[in-house]
Structure formats: structure tokens, C-alpha cells
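Peer 1: One structure follows; several queries about it will come next.
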Amino acid sequence: MRCGLVLADGSSMLLENIDCTASVTSTFGIFTLSQRYRNTSGSPADARFVFPLLPDAVVTGFSVQVGGRSIASEVIDKSTAALFSHSQKGRFAQGRQSGVFETHIGVIPLNAEAVISVTYFCSFQSVGGGVRLVIPTVIPLRYVSCSEQLAIANILDEVRYGIKLALIYRGLDVVDITSPSHNLNVEVDAYGADVSIDEETVQERDIVIDITHRQVNRPVMFCNTGSAYYAFTPKLDIFRHIPRDYVFVVDASPIMTGERMRQVKNALTVCLRALKAGDRFNLMAYSSAVHTLFDAPEPFGGETLTGAKKWLDGLSAQSGSCVLRPLMLACENKNPTVVLITGSDTENWEDTLTQVRSATDAVFYTFGIDDACGSEFLTRLAAGSGGFATAVMPDERIDETIIGAFNRIVVPVVKNAAVTFDRKVADVSPNAFKRIHAWQGIEITASFDGAPPKALTVSGEFTGLSCVMDVSFDTRHEAGEELTLYHAKRRMDELVLRLTGDDLRDTLTKKRIGELSVAYGLLSNETALLLSCGDGGKKTVTDVVMPSNVPALFRHKVLAGREKSKKKTRTDEYIRLLGAQLAHGAFAKRGKTTQIATAEALLYLCAEAKTPELYIWQLRKAAEYLLGSLQRSNSAVIPEVVLDAFEAWNRKFYTKHDEISQKVAALTFMYGNNR
């Protein structure tokens, strides 16, 4: 499939240059991509414009200039759009592909110039102390990693063309702004930075911009006239333990064969070892039938962990796929924590969602692998219950992604939290949280009259006790239209999560989504983009564009890559070692005492693993076991390898709020100085 300005024979019209403007923060931004084409085909040519959309991008504007003819756009509700489509006998609905913004431009005269502008809003996440903005221009369609923060989607063309960029970044603590693809002009000031390409270039390369900022965990506030955005990360006591029932539900359909299944087994092998005494768990696999480890969750311990290992060793993909029955079985337990791992799209997912929601008080954490990443079913299932959804992109390791997310799942959460401000506000989104997880960045938007609020309070329940978090925002940053759009989109997204799948119940919610979509010019599932030329009462409708999600076409381009990456890595070595960890945290090794084997494993993983924080709970259990073994020992000497392991633990994980860290620090201080 070609993208850009495409002719009737499937070829692309000559793209002469791209002019990109953007205004972004570390969380959201608005982008305008203006493309200048020229018809050098040898005759007048009928053309259509094809532009791939990704889940986080929302079209807010589209225009075309061809000679003296102009095409403009406006967002309208779907019922009105349906009237236009019906009057044109379905002409507007022909040739559409899921996940693609596609519209008919009309005939472009020979040698004429066509200027096409697309404006859309995008939200993204700051990862690893910075933001990566990728502005693809010429590469083939592919599904870009979430970690790459896609800003502007792909335009495919075989001809080299000029690129201009003018980007404004608003935010504190900018350390550096670099690009591995282009030479940049960067001017950093107290409010952020201005970024441009140092000269008009002709390059067939994406514009990649890395914005690095200091990892300062302090509240952030952006505001414009009437809207404000607040962000902060609450500090929670992550070392408390509240026993829970865990049910792991694994997709065992044919799509999960080979490398996908191997890495899912890796992930479960490590995740189970994060559980503690008092927890209960069960494993389920589904294809055309459901296979379970136990009839109901059993207490976590040595015997059940051994049984889980045997069950995982025998797990393989089977024919068929039906997720409803295992979810309903998982929900038969009281207040379960359900971890769903799948690589399949869910058919009739709205019916499934309705049935599961009505039958349980479970909390769902979902993982969509490759084809299932970005699934609306997985997102709404998790968010509606107070959990969260994680997309495992094709260029990410499945096991590392699941293990990293599970580290947040096993720690206590703030439940039923409400948000209040120090002065009157409206349209707070969200105004409540079912659950606030450890290391979760909280983002809240609100409308106000007069001066914006400078403080808020989050009140909820933590480990059975009431808790109150007061947050002050001392520094205010100005934002532009992108904040208004972000606030509107947050309100729309919150309404989408309330949809039940019942048409009668959802009527008013969908109506409100459509009203917000039209009012702010944000294309949604309840609206369409009406394209017309002319002015006044002489407007002629040229097309009606409906929104859609990322098509399977984008995904399958990269799926084969996972099967090719079967070469064992250091991660596989670490997971193999962790697979030998016992339920109480110790490691066993033939020819060595349990204490020494555990110390060697702890030292090796703390010193050698590139990201030992992935295994923090497993390593903490090992350190806890070593402390207990020393207390039970009659020996007056602490083995050198145990002290080395404790010192390695302290370097990676010491925190003054952790009892294990305090004990380890005391031992290394008393005995380490005598070595």
C-alpha cells in the first residue's frame, strides 16, 4: 500500500518538500505536517491522499490547496455524515482501509502544485528520563514502538525531498536535545526549547529528536486561558505486603507458538517468584478449551511453585481461541487479581466486556502482545476495573515487559482516591481513581475561571487505612492550544471507558463524546471529518472521512521478526537462574550450601544484570533469606561472598524506608570495615 498522494495506477505523486511545525510537552503535543506535491505524471491525474494513523494520534484539521481550488474540513457527528454518504450512494465509504486517513482529492492538472496539510494531536509518555520524538517521512509502513513516541506518521515516497522543522518544547529541566538523524539548531531557555533543522535539507531519513531532562520528581503544572494540567508521582510505601489471590490467564492459541510462548513462560517463571507467603495463585491457559493448574487458587509455597513449573513446562499452543470462559472462571474467586496475557484479537469483545464486568469485582491487568497491542478490549477491561493495560510491541521482549509491569502489580495500591482542588474548578478529568499504583504518574486536567488552582489533594485508602496526599504546584508553565485539546481528549477518553456495550445504556455517553468531539474539532468514533470546497452557500462536499484504528497490515510487517530472534541472550540466562529460586527466596546449587548458593546468585544478578530492578522482588527475597540464615547460624563469621552480595544489593536497591535495606546496611557497615 502506498502513502502520500496516490494516483489511480497506484504510483505516488512527486513530493517536493515537507514543512513540519510542532508544539509539545513531555506528555502531549500538536503537530502540523504540510506537504507540497507536484504532478509530473505527464497528464492531469486523479489522486487520493493516504495517511496512516496510530492509536495516540487524533486528527484535528485537514486542508488542500490545488491551483485556485481549496478543500477545508470540519468535524461533524456521524448521523449527519451518514446522510451525506447515503445521498452519494456510498461513494464516500468505498476504498477505505482500517487505520488509514484516506480521502479523494480530485483531478490535479499537469505540472500543478498541491499543498496538503494535516494537523493532529498526539499524547505520549516520558520514558527513561526523556522523550524521543520520531517524525517519520519516507520509511515503509510499520508499527512504531511506544517507547519511540511516534509524533508524525509515515509518508512513503521514493524521491528525495526537502524537510523543514520548527518545534517548540515546553518543560523544565532540559539537559540536552540531540538528533541522531539531523543537525539541529537548539535554543534552550527557562521555559523549554526551540528546535529546528539547521538548514533546509534533502534527506530520506526520519527526523528523530531525543529530549533529555533531569529526573526530578516534582509536581508539574501547565496552563492556558481556562485550562490547566497537573502531573505528579505520589510516594507510596512499596514494601508493605497485602496478601492477594492472583490468577494468570494465558492465551494458548496458535498465534502464541514459538518465541512468544517461550517468553511468556519466562515471564511467569519470574513473576511467580515475586509472590509471598499469604498469597494464593492459579494458572489458566485457553484455546478452544481451558486448562488450569488448580481448581481454585492455592497458597503460594514450595509445593505449589513446583507444580506451576511442571505445568508451564508442558504448556503449548492449541487450536482455537475463546477468552470469555477463562475470564469468567477466574472471576469466580473473591476479589481476584487477574493477569491476562494474549496475542489474539477478541471477537465480539463488547459482549465479552459486558459479561465480565457484570459478573465480578476482579481487578484486571492485561498484556497485549504484537497483534493485540493497543486492543480497545484490553484497555477498557483493565481501566474499568482499576488495573492497567500494557502493550508489548514487536521490538520489545515479552518477558522483560511483563516482569517490569508485574513489579507494580504486586505492591499495595491507593484505592478509591478522590481529587479536590484549593479553589473552584470544573470538568476535572479524572476526578477519581479506582487505584493508584506505585511509580504511577498522576495526570489531571481541569477548567477554571480566573487564576488557576495551585494545589490539590488526593484522598483514598492505603493498606486498609485512610491516606491524604497534598500536592502544591509552585511553578506555572504556559501552554497553547495543545493543552486545550489534551483536556478535551482526556474527558472523551474517560467517557469511552464508561461504555458498557449496551446500546441503550451507552446512548447518552456516546452523545456526549460526539458533542465534545465536534466542539473541539477532535475526530472520534462518534464523529467524521467532512471535506468540502467552496465558500458560503456554495460549498460542495468532496468526501467524508471516518476514523479507524491501526490495521493488521501495519502489524504483520514486523511479526516475523520475533520468530527470527531465537538466539539466547543474557536475559535468558538471568531468567534461567531465577527459575531455580525457591519459594522462600533461597537458591539451591549442587555441591554448595543454600546460603552460599543464594549469596552467589544475589551477587551475580546485582552486579551483572543490566537492569537488575526488573528482578527487585526476587532479589529482595534472596537478601531476606540471607539475613534470616545469618540469624539462625551459630557461626561467628559471615562468609565473604555473603558480604559481597549484601554490598551489591545496597549499591542497587538501598532505601532508608526499607527494613531489609536497613539490616543489610548495618551488617555491611559492621563487618565490611573489618575485611
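Labeling convention for the C-alpha cells: chains A, B, ... as they appear, residues from 1 per chain, ligands from 1 in order of appearance.
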Report the residues of segment 170-388 of chain A whose backbone DSSP state falls under alpha helix (DSSP H), written as a ChimeraX atom specification.
Peer 2: /A:259-272,302-313,324-330,349-359,376-385
Peer 1: Leaving out Thr445 of chain A and any residue of its chain fewer than 5 positions from it, which residues lie within 7 Å of it when counting only C-alpha atoms, given as a list in words?
Peer 2: Ala228, Tyr229, Tyr230, Val428, Ser429 and His487 of chain A
Peer 1: Store the residues of this selection in a file with N, CA, C and O atoms, as a CSV table (one decimal), in the first residue's frame.
Peer 2:
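Output (part-v4.csv):
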chain,number,residue,atom,x,y,z
A,228,ALA,N,-6.0,23.8,32.8
A,228,ALA,CA,-4.8,23.5,33.5
A,228,ALA,C,-4.5,22.0,33.5
A,228,ALA,O,-5.4,21.2,33.5
A,229,TYR,N,-3.2,21.7,33.5
A,229,TYR,CA,-2.7,20.3,33.6
A,229,TYR,C,-1.8,20.2,34.7
A,229,TYR,O,-0.9,21.0,35.0
A,230,TYR,N,-2.0,19.1,35.5
A,230,TYR,CA,-1.2,18.9,36.7
A,230,TYR,C,-0.7,17.4,36.6
A,230,TYR,O,-1.4,16.5,36.3
A,428,VAL,N,-13.1,18.3,35.9
A,428,VAL,CA,-11.9,17.7,36.3
A,428,VAL,C,-11.8,16.3,35.7
A,428,VAL,O,-12.8,15.5,35.8
A,429,SER,N,-10.7,15.9,35.1
A,429,SER,CA,-10.5,14.6,34.5
A,429,SER,C,-9.2,14.1,34.7
A,429,SER,O,-8.2,14.7,34.3
A,487,HIS,N,-7.0,18.4,27.3
A,487,HIS,CA,-8.0,18.4,28.3
A,487,HIS,C,-9.3,17.8,27.7
A,487,HIS,O,-10.0,16.9,28.3
Peer 1: Determine the nearest neighbour of Lys434 of chain A from the options A:Ala583, A:Thr390, A:Glu481, A:Ser385, counting only C-alpha atoms.
Peer 2: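 Closest to Lys434 of chain A, using only C-alpha atoms: A:Ser385.
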Peer 1: Name all residues at most 12 Å from segment 311-318 of chain A (count only C-alpha atoms; drop same-chain ones fewer than 4 positions away) and give them as a PyMOL selection string.
Peer 2: chain A and resi 248+250-270+272+282-294+304-307+322+342-343+579
Peer 1: Within 12 Å of segment 362-373 of chain A, which residues of segment 391-504 of chain A come that close, and what is the closest atom pair and distance in Å for each? Count only C-alpha atoms and give it as JSON lines.
Peer 2:
{"residue": "A:Ala391", "atom": "CA", "partner": "A:Cys373", "partner_atom": "CA", "distance": 4.6}
{"residue": "A:Val392", "atom": "CA", "partner": "A:Ile369", "partner_atom": "CA", "distance": 4.8}
{"residue": "A:Met393", "atom": "CA", "partner": "A:Asp370", "partner_atom": "CA", "distance": 5.5}
{"residue": "A:Pro394", "atom": "CA", "partner": "A:Asp370", "partner_atom": "CA", "distance": 5.3}
{"residue": "A:Asp395", "atom": "CA", "partner": "A:Asp370", "partner_atom": "CA", "distance": 9.0}
{"residue": "A:Glu396", "atom": "CA", "partner": "A:Asp370", "partner_atom": "CA", "distance": 9.4}
{"residue": "A:Arg397", "atom": "CA", "partner": "A:Ile369", "partner_atom": "CA", "distance": 9.9}
{"residue": "A:Ile398", "atom": "CA", "partner": "A:Ile369", "partner_atom": "CA", "distance": 7.4}
{"residue": "A:Asp399", "atom": "CA", "partner": "A:Ile369", "partner_atom": "CA", "distance": 10.7}
{"residue": "A:Thr401", "atom": "CA", "partner": "A:Phe367", "partner_atom": "CA", "distance": 9.0}
{"residue": "A:Ile402", "atom": "CA", "partner": "A:Phe367", "partner_atom": "CA", "distance": 7.3}
{"residue": "A:Ile403", "atom": "CA", "partner": "A:Phe367", "partner_atom": "CA", "distance": 11.0}
{"residue": "A:Gly404", "atom": "CA", "partner": "A:Phe367", "partner_atom": "CA", "distance": 11.7}
{"residue": "A:Ala405", "atom": "CA", "partner": "A:Tyr365", "partner_atom": "CA", "distance": 9.2}
{"residue": "A:Phe406", "atom": "CA", "partner": "A:Tyr365", "partner_atom": "CA", "distance": 8.9}
{"residue": "A:Arg408", "atom": "CA", "partner": "A:Tyr365", "partner_atom": "CA", "distance": 10.6}
{"residue": "A:Ile409", "atom": "CA", "partner": "A:Tyr365", "partner_atom": "CA", "distance": 8.0}
{"residue": "A:Val410", "atom": "CA", "partner": "A:Tyr365", "partner_atom": "CA", "distance": 11.2}
{"residue": "A:Val413", "atom": "CA", "partner": "A:Val363", "partner_atom": "CA", "distance": 11.8}
{"residue": "A:Lys415", "atom": "CA", "partner": "A:Val363", "partner_atom": "CA", "distance": 11.6}
{"residue": "A:Lys434", "atom": "CA", "partner": "A:Val363", "partner_atom": "CA", "distance": 9.9}
{"residue": "A:Arg435", "atom": "CA", "partner": "A:Val363", "partner_atom": "CA", "distance": 9.6}
{"residue": "A:His437", "atom": "CA", "partner": "A:Tyr365", "partner_atom": "CA", "distance": 11.8}
Peer 1: Can you spit out the residues from that selection as a PDB file, in the first residue's frame, using C-alpha atoms?
Peer 2:
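So the final result, stored in result.pdb, reads:
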ATOM      1  CA  ALA A 391       1.139  -3.120  25.100  1.00  0.00           C
ATOM      2  CA  VAL A 392       4.059  -5.384  24.182  1.00  0.00           C
ATOM      3  CA  MET A 393       5.392  -4.001  20.925  1.00  0.00           C
ATOM      4  CA  PRO A 394       7.056  -6.229  18.310  1.00  0.00           C
ATOM      5  CA  ASP A 395      10.510  -4.803  19.030  1.00  0.00           C
ATOM      6  CA  GLU A 396      10.212  -5.368  22.793  1.00  0.00           C
ATOM      7  CA  ARG A 397      10.947  -8.508  24.770  1.00  0.00           C
ATOM      8  CA  ILE A 398       7.745 -10.039  26.047  1.00  0.00           C
ATOM      9  CA  ASP A 399       9.277 -11.397  29.251  1.00  0.00           C
ATOM     10  CA  THR A 401       7.897  -6.064  29.613  1.00  0.00           C
ATOM     11  CA  ILE A 402       5.610  -8.354  31.639  1.00  0.00           C
ATOM     12  CA  ILE A 403       8.087  -8.692  34.523  1.00  0.00           C
ATOM     13  CA  GLY A 404       8.593  -4.923  34.700  1.00  0.00           C
ATOM     14  CA  ALA A 405       4.851  -4.246  34.819  1.00  0.00           C
ATOM     15  CA  PHE A 406       4.240  -7.028  37.362  1.00  0.00           C
ATOM     16  CA  ARG A 408       3.972  -2.599  40.073  1.00  0.00           C
ATOM     17  CA  ILE A 409       1.101  -5.074  40.323  1.00  0.00           C
ATOM     18  CA  VAL A 410       2.386  -6.890  43.445  1.00  0.00           C
ATOM     19  CA  VAL A 413      -2.180   0.500  45.867  1.00  0.00           C
ATOM     20  CA  LYS A 415      -7.852   2.601  46.437  1.00  0.00           C
ATOM     21  CA  LYS A 434     -10.118   3.331  41.468  1.00  0.00           C
ATOM     22  CA  ARG A 435      -6.471   2.533  42.079  1.00  0.00           C
ATOM     23  CA  HIS A 437      -0.208   2.168  41.590  1.00  0.00           C
TER      24      HIS A 437
END
Peer 1: Give me the residues within 10 Å of Leu485 of chain A as a list of chain:residue names, counting only C-alpha atoms and dropping any in the same chain fewer than 6 places off.
Peer 2: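 So the residues in contact are A:Phe28, A:Gly29, A:Ile30, A:Val58, A:Thr60, A:Tyr120, A:Phe121, A:Cys122, A:Ser227, A:Arg491, A:Ser517, A:Tyr520, A:Gly521, A:Leu522.
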Peer 1: With segment 233-244 of chain A as the partner and 10 Å as the cut-off, tabulate the residues of segment 446-560 of chain A that qualify, each row holding the nearest pair of atoms and their distance in Å to one decimal, using only C-alpha atoms, sorted by chain and rising number, as a tab-separated table.
Peer 2:
residue	atom	partner	partner_atom	distance
A:Val458	CA	A:Pro234	CA	9.6
A:Phe462	CA	A:Leu236	CA	8.9
A:Thr463	CA	A:Ile242	CA	7.0
A:Gly464	CA	A:Ile242	CA	9.4
A:Met469	CA	A:Pro234	CA	7.8
A:Asp470	CA	A:Pro234	CA	9.7
A:Val471	CA	A:Pro234	CA	9.0
Peer 1: Can you write just those residues out, C-alpha atoms, as a PDB file, in the first residue's frame?
Peer 2:
ATOM      1  CA  VAL A 458      -5.840  13.192  46.717  1.00  0.00           C
ATOM      2  CA  PHE A 462      -3.935   2.573  51.525  1.00  0.00           C
ATOM      3  CA  THR A 463      -3.432  -0.862  53.111  1.00  0.00           C
ATOM      4  CA  GLY A 464      -6.761  -0.543  54.888  1.00  0.00           C
ATOM      5  CA  MET A 469      -1.758  13.415  49.757  1.00  0.00           C
ATOM      6  CA  ASP A 470      -1.450  17.202  49.467  1.00  0.00           C
ATOM      7  CA  VAL A 471       0.363  18.460  46.358  1.00  0.00           C
TER       8      VAL A 471
END
Peer 1: Using only C-alpha atoms, pick whichever of A:Asp194, A:Glu113, A:Asp77, A:Glu613 has the shortest atom-to-atom distance to Glu16 of chain A.
Peer 2: A:Glu113
